[in-house]
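Source file start14.txt; content: compact mmCIF, N, CA and C atoms.
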# COMPACT_ATOMS: atom_id res chain seq x y z
N LEU A 1 89.52 103.92 76.93
CA LEU A 1 88.81 102.69 76.67
C LEU A 1 89.12 102.24 75.26
N LEU A 2 89.49 100.97 75.12
CA LEU A 2 89.81 100.41 73.83
C LEU A 2 88.86 99.28 73.50
N ASP A 3 88.48 99.17 72.25
CA ASP A 3 87.58 98.12 71.78
C ASP A 3 88.42 96.98 71.21
N SER A 4 88.46 95.86 71.93
CA SER A 4 89.25 94.71 71.48
C SER A 4 88.36 93.61 70.91
N VAL A 5 87.08 93.86 70.76
CA VAL A 5 86.14 92.84 70.30
C VAL A 5 86.24 92.69 68.78
N VAL A 6 86.28 91.43 68.35
CA VAL A 6 86.22 91.09 66.94
C VAL A 6 84.89 90.38 66.72
N PRO A 7 83.98 90.97 65.97
CA PRO A 7 82.65 90.36 65.79
C PRO A 7 82.76 88.90 65.32
N GLY A 8 82.02 88.04 66.02
CA GLY A 8 81.99 86.63 65.66
C GLY A 8 83.16 85.81 66.19
N GLU A 9 84.10 86.43 66.89
CA GLU A 9 85.27 85.74 67.43
C GLU A 9 85.27 85.80 68.95
N VAL A 10 85.97 84.86 69.58
CA VAL A 10 86.10 84.86 71.03
C VAL A 10 87.34 85.65 71.45
N GLY A 11 88.42 85.50 70.70
CA GLY A 11 89.66 86.22 70.99
C GLY A 11 89.56 87.68 70.60
N GLY A 12 90.51 88.46 71.06
CA GLY A 12 90.48 89.89 70.81
C GLY A 12 91.60 90.39 69.93
N TYR A 13 91.40 91.59 69.39
CA TYR A 13 92.37 92.23 68.52
C TYR A 13 92.09 93.73 68.54
N LEU A 14 93.14 94.53 68.59
CA LEU A 14 92.98 95.98 68.50
C LEU A 14 93.21 96.40 67.05
N ALA A 15 92.16 96.90 66.42
CA ALA A 15 92.27 97.39 65.05
C ALA A 15 93.25 98.56 65.00
N GLU A 16 93.76 98.81 63.82
CA GLU A 16 94.69 99.93 63.64
C GLU A 16 94.09 101.24 64.13
N SER A 17 92.78 101.41 63.94
CA SER A 17 92.10 102.63 64.40
C SER A 17 92.14 102.74 65.92
N GLU A 18 92.06 101.62 66.63
CA GLU A 18 92.14 101.65 68.10
C GLU A 18 93.55 101.99 68.56
N LEU A 19 94.54 101.42 67.89
CA LEU A 19 95.94 101.73 68.25
C LEU A 19 96.26 103.19 67.97
N THR A 20 95.73 103.72 66.87
CA THR A 20 95.93 105.14 66.54
C THR A 20 95.25 106.01 67.58
N HIS A 21 94.04 105.62 67.98
CA HIS A 21 93.31 106.35 69.02
C HIS A 21 94.12 106.36 70.32
N LEU A 22 94.64 105.21 70.71
CA LEU A 22 95.45 105.13 71.92
C LEU A 22 96.68 106.02 71.82
N GLN A 23 97.36 105.96 70.71
CA GLN A 23 98.56 106.78 70.53
C GLN A 23 98.24 108.26 70.65
N ARG A 24 97.12 108.66 70.07
CA ARG A 24 96.68 110.07 70.17
C ARG A 24 96.37 110.44 71.62
N CYS A 25 95.71 109.54 72.33
CA CYS A 25 95.34 109.81 73.72
C CYS A 25 96.57 109.93 74.63
N LEU A 26 97.60 109.13 74.33
CA LEU A 26 98.79 109.14 75.16
C LEU A 26 99.77 110.26 74.82
N SER A 27 99.74 110.73 73.58
CA SER A 27 100.70 111.74 73.12
C SER A 27 100.49 113.08 73.81
N GLY A 28 101.56 113.61 74.32
CA GLY A 28 101.54 114.95 74.86
C GLY A 28 100.79 115.11 76.18
N ARG A 29 100.40 114.02 76.79
CA ARG A 29 99.70 114.11 78.07
C ARG A 29 100.63 113.66 79.17
N ASP A 30 100.49 114.31 80.31
CA ASP A 30 101.28 113.85 81.45
C ASP A 30 100.39 113.45 82.63
N ALA A 31 99.06 113.55 82.45
CA ALA A 31 98.13 113.15 83.52
C ALA A 31 98.18 111.63 83.70
N PRO A 32 98.09 111.16 84.93
CA PRO A 32 98.06 109.71 85.16
C PRO A 32 96.96 109.07 84.32
N THR A 33 97.29 107.92 83.73
CA THR A 33 96.40 107.30 82.76
C THR A 33 96.14 105.84 83.09
N LEU A 34 94.89 105.42 82.89
CA LEU A 34 94.47 104.03 83.01
C LEU A 34 93.89 103.63 81.66
N VAL A 35 94.32 102.49 81.13
CA VAL A 35 93.81 101.95 79.87
C VAL A 35 92.95 100.74 80.21
N ALA A 36 91.76 100.67 79.61
CA ALA A 36 90.85 99.55 79.84
C ALA A 36 90.42 98.93 78.51
N LEU A 37 90.33 97.61 78.50
CA LEU A 37 89.88 96.87 77.34
C LEU A 37 89.27 95.56 77.82
N HIS A 38 88.66 94.81 76.92
CA HIS A 38 88.00 93.57 77.34
C HIS A 38 88.97 92.39 77.42
N HIS A 39 89.78 92.17 76.41
CA HIS A 39 90.63 90.98 76.34
C HIS A 39 91.96 91.16 77.05
N GLN A 40 92.43 90.10 77.70
CA GLN A 40 93.68 90.17 78.45
C GLN A 40 94.86 90.36 77.50
N PRO A 41 95.74 91.31 77.84
CA PRO A 41 96.89 91.61 76.99
C PRO A 41 98.15 90.84 77.35
N LEU A 42 98.01 89.77 78.13
CA LEU A 42 99.19 89.00 78.52
C LEU A 42 98.79 87.59 78.88
N SER A 43 99.77 86.73 78.97
CA SER A 43 99.53 85.35 79.37
C SER A 43 99.22 85.33 80.86
N ILE A 44 98.21 84.54 81.21
CA ILE A 44 97.84 84.42 82.63
C ILE A 44 98.07 82.99 83.12
N ASP A 45 98.82 82.21 82.36
CA ASP A 45 99.12 80.81 82.71
C ASP A 45 97.86 79.96 82.85
N CYS A 46 96.95 80.16 81.94
CA CYS A 46 95.72 79.38 81.85
C CYS A 46 95.57 79.08 80.35
N ALA A 47 96.01 77.89 79.92
CA ALA A 47 96.22 77.58 78.50
C ALA A 47 95.06 77.96 77.59
N TRP A 48 93.86 77.56 77.93
CA TRP A 48 92.74 77.81 77.01
C TRP A 48 92.38 79.29 76.95
N LEU A 49 92.53 80.01 78.04
CA LEU A 49 92.27 81.45 78.03
C LEU A 49 93.38 82.22 77.32
N ASP A 50 94.62 81.75 77.48
CA ASP A 50 95.74 82.43 76.81
C ASP A 50 95.57 82.38 75.29
N GLU A 51 94.93 81.34 74.78
CA GLU A 51 94.70 81.20 73.33
C GLU A 51 93.69 82.22 72.81
N ILE A 52 92.84 82.75 73.69
CA ILE A 52 91.78 83.66 73.23
C ILE A 52 91.93 85.05 73.85
N GLY A 53 93.16 85.42 74.14
CA GLY A 53 93.44 86.76 74.65
C GLY A 53 93.59 87.74 73.51
N LEU A 54 94.27 88.83 73.78
CA LEU A 54 94.51 89.87 72.78
C LEU A 54 95.61 89.40 71.82
N ALA A 55 95.28 89.25 70.56
CA ALA A 55 96.22 88.70 69.58
C ALA A 55 97.41 89.63 69.32
N ASN A 56 97.18 90.92 69.31
CA ASN A 56 98.27 91.85 69.00
C ASN A 56 98.73 92.61 70.25
N ARG A 57 98.97 91.87 71.29
CA ARG A 57 99.41 92.45 72.57
C ARG A 57 100.76 93.15 72.45
N ASP A 58 101.63 92.65 71.59
CA ASP A 58 102.94 93.29 71.42
C ASP A 58 102.79 94.71 70.88
N GLN A 59 101.86 94.91 69.96
CA GLN A 59 101.60 96.26 69.45
C GLN A 59 101.07 97.17 70.55
N LEU A 60 100.19 96.63 71.38
CA LEU A 60 99.66 97.42 72.49
C LEU A 60 100.78 97.84 73.43
N PHE A 61 101.59 96.89 73.86
CA PHE A 61 102.64 97.22 74.83
C PHE A 61 103.73 98.09 74.22
N ALA A 62 103.93 98.03 72.92
CA ALA A 62 104.89 98.93 72.28
C ALA A 62 104.46 100.38 72.49
N LEU A 63 103.16 100.64 72.44
CA LEU A 63 102.65 101.99 72.70
C LEU A 63 102.65 102.30 74.19
N LEU A 64 102.20 101.36 74.99
CA LEU A 64 102.10 101.61 76.43
C LEU A 64 103.47 101.82 77.07
N ASP A 65 104.47 101.10 76.59
CA ASP A 65 105.81 101.22 77.15
C ASP A 65 106.44 102.60 76.89
N GLN A 66 105.86 103.36 75.99
CA GLN A 66 106.35 104.71 75.66
C GLN A 66 105.61 105.79 76.45
N ALA A 67 104.73 105.35 77.36
CA ALA A 67 103.86 106.31 78.06
C ALA A 67 104.22 106.34 79.55
N PRO A 68 105.09 107.26 79.95
CA PRO A 68 105.48 107.32 81.37
C PRO A 68 104.33 107.67 82.30
N GLN A 69 103.25 108.24 81.77
CA GLN A 69 102.10 108.61 82.60
C GLN A 69 101.17 107.43 82.86
N LEU A 70 101.40 106.30 82.18
CA LEU A 70 100.54 105.13 82.35
C LEU A 70 100.68 104.57 83.76
N ARG A 71 99.55 104.39 84.43
CA ARG A 71 99.57 103.85 85.79
C ARG A 71 98.93 102.47 85.88
N GLY A 72 98.00 102.17 84.94
CA GLY A 72 97.32 100.89 85.03
C GLY A 72 96.69 100.45 83.73
N VAL A 73 96.52 99.12 83.62
CA VAL A 73 95.79 98.51 82.52
C VAL A 73 94.78 97.56 83.17
N LEU A 74 93.53 97.66 82.73
CA LEU A 74 92.44 96.90 83.32
C LEU A 74 91.70 96.15 82.22
N TRP A 75 91.34 94.88 82.50
CA TRP A 75 90.58 94.10 81.54
C TRP A 75 89.65 93.14 82.26
N GLY A 76 88.80 92.48 81.47
CA GLY A 76 87.88 91.46 81.95
C GLY A 76 88.22 90.15 81.25
N HIS A 77 87.25 89.55 80.59
CA HIS A 77 87.38 88.38 79.72
C HIS A 77 87.80 87.09 80.41
N ILE A 78 88.67 87.14 81.39
CA ILE A 78 89.21 85.91 81.97
C ILE A 78 88.38 85.40 83.15
N HIS A 79 87.36 86.14 83.56
CA HIS A 79 86.46 85.72 84.64
C HIS A 79 87.24 85.30 85.89
N GLN A 80 88.27 86.03 86.21
CA GLN A 80 89.05 85.79 87.42
C GLN A 80 89.80 87.07 87.79
N SER A 81 90.18 87.15 89.01
CA SER A 81 90.93 88.30 89.48
C SER A 81 92.41 88.13 89.13
N TYR A 82 93.04 89.23 88.76
CA TYR A 82 94.46 89.21 88.46
C TYR A 82 95.00 90.57 88.88
N ASP A 83 96.15 90.60 89.52
CA ASP A 83 96.73 91.86 89.96
C ASP A 83 98.24 91.68 90.03
N ALA A 84 98.96 92.39 89.18
CA ALA A 84 100.42 92.28 89.13
C ALA A 84 100.99 93.62 88.67
N MET A 85 102.28 93.73 88.78
CA MET A 85 102.98 94.94 88.30
C MET A 85 103.84 94.57 87.10
N ARG A 86 103.92 95.49 86.16
CA ARG A 86 104.84 95.40 85.03
C ARG A 86 105.61 96.71 85.07
N GLY A 87 106.78 96.67 85.69
CA GLY A 87 107.49 97.90 85.97
C GLY A 87 106.67 98.72 86.95
N ALA A 88 106.36 99.96 86.58
CA ALA A 88 105.56 100.84 87.45
C ALA A 88 104.08 100.81 87.11
N VAL A 89 103.68 99.91 86.21
CA VAL A 89 102.29 99.86 85.74
C VAL A 89 101.55 98.69 86.39
N ARG A 90 100.40 99.00 86.96
CA ARG A 90 99.58 97.97 87.59
C ARG A 90 98.71 97.30 86.53
N LEU A 91 98.74 95.97 86.49
CA LEU A 91 97.96 95.18 85.55
C LEU A 91 96.87 94.46 86.35
N MET A 92 95.60 94.69 85.95
CA MET A 92 94.49 94.16 86.74
C MET A 92 93.41 93.56 85.86
N ALA A 93 92.90 92.42 86.29
CA ALA A 93 91.70 91.85 85.68
C ALA A 93 90.62 91.82 86.73
N SER A 94 89.42 92.03 86.27
CA SER A 94 88.28 91.99 87.18
C SER A 94 87.63 90.62 87.09
N PRO A 95 87.22 90.10 88.23
CA PRO A 95 86.44 88.85 88.16
C PRO A 95 85.10 89.13 87.48
N SER A 96 84.41 88.06 87.15
CA SER A 96 83.12 88.20 86.50
C SER A 96 82.00 88.37 87.52
N THR A 97 80.96 89.07 87.12
CA THR A 97 79.75 89.16 87.95
C THR A 97 78.87 87.94 87.69
N CYS A 98 79.39 86.99 86.93
CA CYS A 98 78.70 85.72 86.64
C CYS A 98 79.57 84.59 87.18
N VAL A 99 79.85 83.58 86.40
CA VAL A 99 80.69 82.45 86.83
C VAL A 99 82.17 82.82 86.70
N GLN A 100 83.01 82.11 87.46
CA GLN A 100 84.45 82.36 87.45
C GLN A 100 85.14 81.18 86.76
N PHE A 101 86.20 81.48 86.01
CA PHE A 101 86.98 80.44 85.35
C PHE A 101 88.14 80.04 86.27
N ALA A 102 88.44 78.75 86.29
CA ALA A 102 89.48 78.23 87.18
C ALA A 102 90.86 78.68 86.71
N PRO A 103 91.63 79.32 87.59
CA PRO A 103 93.00 79.72 87.24
C PRO A 103 93.88 78.50 86.99
N GLY A 104 94.83 78.65 86.07
CA GLY A 104 95.82 77.62 85.81
C GLY A 104 95.31 76.39 85.10
N SER A 105 94.11 76.43 84.55
CA SER A 105 93.55 75.25 83.90
C SER A 105 94.01 75.13 82.45
N GLU A 106 94.19 73.90 82.01
CA GLU A 106 94.59 73.62 80.62
C GLU A 106 93.40 73.75 79.68
N GLN A 107 92.22 73.30 80.14
CA GLN A 107 90.99 73.35 79.37
C GLN A 107 89.94 74.10 80.17
N PHE A 108 88.83 74.41 79.50
CA PHE A 108 87.75 75.13 80.17
C PHE A 108 87.42 74.47 81.49
N ALA A 109 87.37 75.26 82.54
CA ALA A 109 86.98 74.77 83.87
C ALA A 109 86.44 75.94 84.68
N LEU A 110 85.37 75.69 85.41
CA LEU A 110 84.82 76.71 86.30
C LEU A 110 85.47 76.61 87.67
N ASP A 111 85.60 77.76 88.30
CA ASP A 111 86.10 77.83 89.66
C ASP A 111 84.90 77.83 90.61
N ARG A 112 85.11 77.45 91.83
CA ARG A 112 84.03 77.43 92.83
C ARG A 112 84.05 78.72 93.66
N VAL A 113 84.57 79.78 93.10
CA VAL A 113 84.61 81.09 93.76
C VAL A 113 83.39 81.89 93.31
N ALA A 114 82.78 82.59 94.21
CA ALA A 114 81.58 83.37 93.90
C ALA A 114 81.87 84.53 92.95
N ALA A 115 80.82 84.99 92.31
CA ALA A 115 80.89 86.15 91.42
C ALA A 115 81.50 87.34 92.16
N GLY A 116 82.09 88.24 91.40
CA GLY A 116 82.71 89.39 92.04
C GLY A 116 82.87 90.57 91.11
N PHE A 117 83.45 91.61 91.64
CA PHE A 117 83.77 92.81 90.87
C PHE A 117 84.96 93.50 91.51
N ARG A 118 85.60 94.35 90.75
CA ARG A 118 86.76 95.12 91.22
C ARG A 118 86.35 96.58 91.35
N LEU A 119 86.57 97.14 92.52
CA LEU A 119 86.31 98.55 92.76
C LEU A 119 87.63 99.29 92.66
N LEU A 120 87.64 100.38 91.90
CA LEU A 120 88.85 101.18 91.72
C LEU A 120 88.68 102.54 92.37
N GLY A 121 89.76 103.01 92.97
CA GLY A 121 89.87 104.38 93.44
C GLY A 121 91.05 104.99 92.71
N LEU A 122 90.78 105.93 91.80
CA LEU A 122 91.83 106.56 91.00
C LEU A 122 92.14 107.93 91.59
N LEU A 123 93.30 108.07 92.20
CA LEU A 123 93.67 109.30 92.87
C LEU A 123 94.35 110.27 91.89
N PRO A 124 94.25 111.57 92.14
CA PRO A 124 94.82 112.57 91.23
C PRO A 124 96.33 112.41 91.01
N ASP A 125 97.04 111.85 91.98
CA ASP A 125 98.49 111.70 91.83
C ASP A 125 98.87 110.42 91.07
N GLY A 126 97.86 109.66 90.60
CA GLY A 126 98.12 108.46 89.83
C GLY A 126 98.09 107.16 90.62
N VAL A 127 97.94 107.26 91.93
CA VAL A 127 97.85 106.05 92.74
C VAL A 127 96.51 105.37 92.45
N ILE A 128 96.55 104.04 92.32
CA ILE A 128 95.34 103.26 92.09
C ILE A 128 95.09 102.40 93.32
N HIS A 129 93.94 102.63 93.95
CA HIS A 129 93.49 101.75 95.02
C HIS A 129 92.50 100.79 94.38
N SER A 130 92.61 99.52 94.71
CA SER A 130 91.70 98.55 94.12
C SER A 130 91.43 97.42 95.09
N GLN A 131 90.19 96.96 95.07
CA GLN A 131 89.80 95.85 95.91
C GLN A 131 88.76 95.02 95.17
N VAL A 132 88.88 93.70 95.29
CA VAL A 132 87.90 92.80 94.71
C VAL A 132 86.89 92.42 95.79
N PHE A 133 85.63 92.51 95.42
CA PHE A 133 84.54 92.11 96.31
C PHE A 133 83.84 90.90 95.70
N ARG A 134 83.39 89.99 96.55
CA ARG A 134 82.74 88.76 96.09
C ARG A 134 81.33 88.67 96.65
N ALA A 135 80.46 88.03 95.87
CA ALA A 135 79.13 87.71 96.35
C ALA A 135 79.27 86.69 97.48
N VAL A 136 78.25 86.56 98.27
CA VAL A 136 78.31 85.65 99.41
C VAL A 136 78.24 84.19 98.96
N ASP A 137 77.39 83.88 97.98
CA ASP A 137 77.17 82.50 97.58
C ASP A 137 77.36 82.31 96.08
N LEU A 138 77.62 81.06 95.69
CA LEU A 138 77.61 80.68 94.28
C LEU A 138 76.17 80.59 93.80
N PRO A 139 75.94 80.76 92.49
CA PRO A 139 74.57 80.63 91.97
C PRO A 139 74.05 79.22 92.24
N PRO A 140 72.79 79.08 92.63
CA PRO A 140 72.24 77.76 92.88
C PRO A 140 72.22 76.93 91.60
N GLY A 141 72.59 75.66 91.71
CA GLY A 141 72.56 74.76 90.56
C GLY A 141 73.73 74.88 89.62
N LEU A 142 74.78 75.60 89.99
CA LEU A 142 75.95 75.76 89.12
C LEU A 142 76.58 74.40 88.84
N GLN A 143 76.73 74.07 87.57
CA GLN A 143 77.32 72.80 87.14
C GLN A 143 78.77 73.07 86.74
N SER A 144 79.71 72.84 87.62
CA SER A 144 81.10 73.19 87.33
C SER A 144 81.78 72.22 86.39
N GLY A 145 81.17 71.09 86.06
CA GLY A 145 81.80 70.12 85.17
C GLY A 145 81.43 70.31 83.72
N ASN A 146 80.63 71.33 83.39
CA ASN A 146 80.23 71.57 82.00
C ASN A 146 81.41 71.93 81.13
N GLY A 147 81.28 71.66 79.83
CA GLY A 147 82.33 72.02 78.88
C GLY A 147 82.22 73.44 78.39
N GLY A 148 81.29 74.19 78.88
CA GLY A 148 81.08 75.58 78.49
C GLY A 148 80.04 76.20 79.40
N TYR A 149 79.67 77.42 79.13
CA TYR A 149 78.65 78.04 79.97
C TYR A 149 77.68 78.84 79.12
Kindly transcribe the structure held in the file into structure tokens.
Amino acid sequence: LLDSVVPGEVGGYLAESELTHLQRCLSGRDAPTLVALHHQPLSIDCAWLDEIGLANRDQLFALLDQAPQLRGVLWGHIHQSYDAMRGAVRLMASPSTCVQFAPGSEQFALDRVAAGFRLLGLLPDGVIHSQVFRAVDLPPGLQSGNGGY
């Protein structure tokens, strides 16, 4: 688990102490590994969210790319589901248990998809099973045209 929160800021950053902690955790281990943090470490093609992601993502991936035991990276912050591969590493975002942000939007926009969560199954051999579950309904009175939430 990495702390990417910067007090008083919306965007994220991994302090040198967090990067050192990660390097220590990855060094000399061969057990399958999952790294989790709050801010997205890559562009998700959503302009306003990409501006407030992890600022030092290159430093993070420089360490992660040296870890053959890495199986997955998980984050939140984007209030939408994301699931892709980067080489042999699964990259996943969990939807929010609150409102969802519209994918691909240039400016803040809410999606009309219900709240959700991602359930993970981490197997001893490093396989990651994952499924997103959604609530049945949107919250009553949700104003999707607001400039914020």
Give the strand (DSSP E) residues of stretch 38-121 of chain A, as assigned by DSSP on the backbone, as number ranges by chain. A: 70-75, 82-86, 89-93, 116-121
Using only C-alpha atoms, which residues sit within 6 Å of stretch 87-90 of chain A once same-chain residues fewer than 2 positions away are excluded, as a ChimeraX atom specification? /A:71-72,84-85
Since we have the selection now, will you write its residues out, keeping N, CA and C atoms, as a JSON list (two decimals), in the coordinates of the input?
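Resulting contents of again_37.json:
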[["chain", "number", "residue", "atom", "x", "y", "z"],
["A", 71, "ARG", "N", 99.55, 104.39, 84.43],
["A", 71, "ARG", "CA", 99.57, 103.85, 85.79],
["A", 71, "ARG", "C", 98.93, 102.47, 85.88],
["A", 72, "GLY", "N", 98.00, 102.17, 84.94],
["A", 72, "GLY", "CA", 97.32, 100.89, 85.03],
["A", 72, "GLY", "C", 96.69, 100.45, 83.73],
["A", 84, "ALA", "N", 98.96, 92.39, 89.18],
["A", 84, "ALA", "CA", 100.42, 92.28, 89.13],
["A", 84, "ALA", "C", 100.99, 93.62, 88.67],
["A", 85, "MET", "N", 102.28, 93.73, 88.78],
["A", 85, "MET", "CA", 102.98, 94.94, 88.30],
["A", 85, "MET", "C", 103.84, 94.57, 87.10]]
Find the residues near stretch 30-42 of chain A: any atom within 8 Å, counting all atoms listed in the file, skip ones fewer than 4 places away on the same chain, and give them as a ChimeraX atom specification. /A:1-5,10-13,26,49-50,52-58,60-61,68-78,93,123-127
Just write the chosen residues, N, CA and C atoms, as a tab-separated table (two decimals), keeping the file's coordinate frame.
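Once everything was written out, this is out-v7.tsv:
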chain	number	residue	atom	x	y	z
A	1	LEU	N	89.52	103.92	76.93
A	1	LEU	CA	88.81	102.69	76.67
A	1	LEU	C	89.12	102.24	75.26
A	2	LEU	N	89.49	100.97	75.12
A	2	LEU	CA	89.81	100.41	73.83
A	2	LEU	C	88.86	99.28	73.50
A	3	ASP	N	88.48	99.17	72.25
A	3	ASP	CA	87.58	98.12	71.78
A	3	ASP	C	88.42	96.98	71.21
A	4	SER	N	88.46	95.86	71.93
A	4	SER	CA	89.25	94.71	71.48
A	4	SER	C	88.36	93.61	70.91
A	5	VAL	N	87.08	93.86	70.76
A	5	VAL	CA	86.14	92.84	70.30
A	5	VAL	C	86.24	92.69	68.78
A	10	VAL	N	85.97	84.86	69.58
A	10	VAL	CA	86.10	84.86	71.03
A	10	VAL	C	87.34	85.65	71.45
A	11	GLY	N	88.42	85.50	70.70
A	11	GLY	CA	89.66	86.22	70.99
A	11	GLY	C	89.56	87.68	70.60
A	12	GLY	N	90.51	88.46	71.06
A	12	GLY	CA	90.48	89.89	70.81
A	12	GLY	C	91.60	90.39	69.93
A	13	TYR	N	91.40	91.59	69.39
A	13	TYR	CA	92.37	92.23	68.52
A	13	TYR	C	92.09	93.73	68.54
A	26	LEU	N	97.60	109.13	74.33
A	26	LEU	CA	98.79	109.14	75.16
A	26	LEU	C	99.77	110.26	74.82
A	49	LEU	N	92.53	80.01	78.04
A	49	LEU	CA	92.27	81.45	78.03
A	49	LEU	C	93.38	82.22	77.32
A	50	ASP	N	94.62	81.75	77.48
A	50	ASP	CA	95.74	82.43	76.81
A	50	ASP	C	95.57	82.38	75.29
A	52	ILE	N	92.84	82.75	73.69
A	52	ILE	CA	91.78	83.66	73.23
A	52	ILE	C	91.93	85.05	73.85
A	53	GLY	N	93.16	85.42	74.14
A	53	GLY	CA	93.44	86.76	74.65
A	53	GLY	C	93.59	87.74	73.51
A	54	LEU	N	94.27	88.83	73.78
A	54	LEU	CA	94.51	89.87	72.78
A	54	LEU	C	95.61	89.40	71.82
A	55	ALA	N	95.28	89.25	70.56
A	55	ALA	CA	96.22	88.70	69.58
A	55	ALA	C	97.41	89.63	69.32
A	56	ASN	N	97.18	90.92	69.31
A	56	ASN	CA	98.27	91.85	69.00
A	56	ASN	C	98.73	92.61	70.25
A	57	ARG	N	98.97	91.87	71.29
A	57	ARG	CA	99.41	92.45	72.57
A	57	ARG	C	100.76	93.15	72.45
A	58	ASP	N	101.63	92.65	71.59
A	58	ASP	CA	102.94	93.29	71.42
A	58	ASP	C	102.79	94.71	70.88
A	60	LEU	N	100.19	96.63	71.38
A	60	LEU	CA	99.66	97.42	72.49
A	60	LEU	C	100.78	97.84	73.43
A	61	PHE	N	101.59	96.89	73.86
A	61	PHE	CA	102.64	97.22	74.83
A	61	PHE	C	103.73	98.09	74.22
A	68	PRO	N	105.09	107.26	79.95
A	68	PRO	CA	105.48	107.32	81.37
A	68	PRO	C	104.33	107.67	82.30
A	69	GLN	N	103.25	108.24	81.77
A	69	GLN	CA	102.10	108.61	82.60
A	69	GLN	C	101.17	107.43	82.86
A	70	LEU	N	101.40	106.30	82.18
A	70	LEU	CA	100.54	105.13	82.35
A	70	LEU	C	100.68	104.57	83.76
A	71	ARG	N	99.55	104.39	84.43
A	71	ARG	CA	99.57	103.85	85.79
A	71	ARG	C	98.93	102.47	85.88
A	72	GLY	N	98.00	102.17	84.94
A	72	GLY	CA	97.32	100.89	85.03
A	72	GLY	C	96.69	100.45	83.73
A	73	VAL	N	96.52	99.12	83.62
A	73	VAL	CA	95.79	98.51	82.52
A	73	VAL	C	94.78	97.56	83.17
A	74	LEU	N	93.53	97.66	82.73
A	74	LEU	CA	92.44	96.90	83.32
A	74	LEU	C	91.70	96.15	82.22
A	75	TRP	N	91.34	94.88	82.50
A	75	TRP	CA	90.58	94.10	81.54
A	75	TRP	C	89.65	93.14	82.26
A	76	GLY	N	88.80	92.48	81.47
A	76	GLY	CA	87.88	91.46	81.95
A	76	GLY	C	88.22	90.15	81.25
A	77	HIS	N	87.25	89.55	80.59
A	77	HIS	CA	87.38	88.38	79.72
A	77	HIS	C	87.80	87.09	80.41
A	78	ILE	N	88.67	87.14	81.39
A	78	ILE	CA	89.21	85.91	81.97
A	78	ILE	C	88.38	85.40	83.15
A	93	ALA	N	92.90	92.42	86.29
A	93	ALA	CA	91.70	91.85	85.68
A	93	ALA	C	90.62	91.82	86.73
A	123	LEU	N	93.30	108.07	92.20
A	123	LEU	CA	93.67	109.30	92.87
A	123	LEU	C	94.35	110.27	91.89
A	124	PRO	N	94.25	111.57	92.14
A	124	PRO	CA	94.82	112.57	91.23
A	124	PRO	C	96.33	112.41	91.01
A	125	ASP	N	97.04	111.85	91.98
A	125	ASP	CA	98.49	111.70	91.83
A	125	ASP	C	98.87	110.42	91.07
A	126	GLY	N	97.86	109.66	90.60
A	126	GLY	CA	98.12	108.46	89.83
A	126	GLY	C	98.09	107.16	90.62
A	127	VAL	N	97.94	107.26	91.93
A	127	VAL	CA	97.85	106.05	92.74
A	127	VAL	C	96.51	105.37	92.45
Which residues are close to A:Pro103, i.e. within 8 Å by only C-alpha atoms, leaving aside same-chain residues fewer than 4 positions away? Reply as a count of residues only. 4
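Note that atom N of A:Phe133 and atom C of A:Leu119 are 7.6 Å apart.
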As a PyMOL selection string, list the residues of chain A assigned to alpha helix (DSSP H) by DSSP on the backbone atoms of this structure. chain A and resi 16-26+47-50+57-64
Looking at A:Ile128, A:Ala114, A:Leu91, A:Val136, which one is nearest to A:Ser43, with distances taken over only C-alpha atoms? A:Leu91
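Atom C of A:Pro95 lies 18.8 Å from atom N of A:Gln107.
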Give me, please, the distance in Å between atom N of A:Glu106 and atom N of A:Ile44, quoted to one decimal. 11.4 Å
Put the listed atoms of stretch 100-118 of chain A in a box along x, y and z with 4 Å added on every side and give me the centre and edge lengths in Å to one decimal, as lines of an AutoDock Vina configuration file.
center_x = 88.3
center_y = 84.9
center_z = 86.8
size_x = 23.0
size_y = 31.3
size_z = 22.8
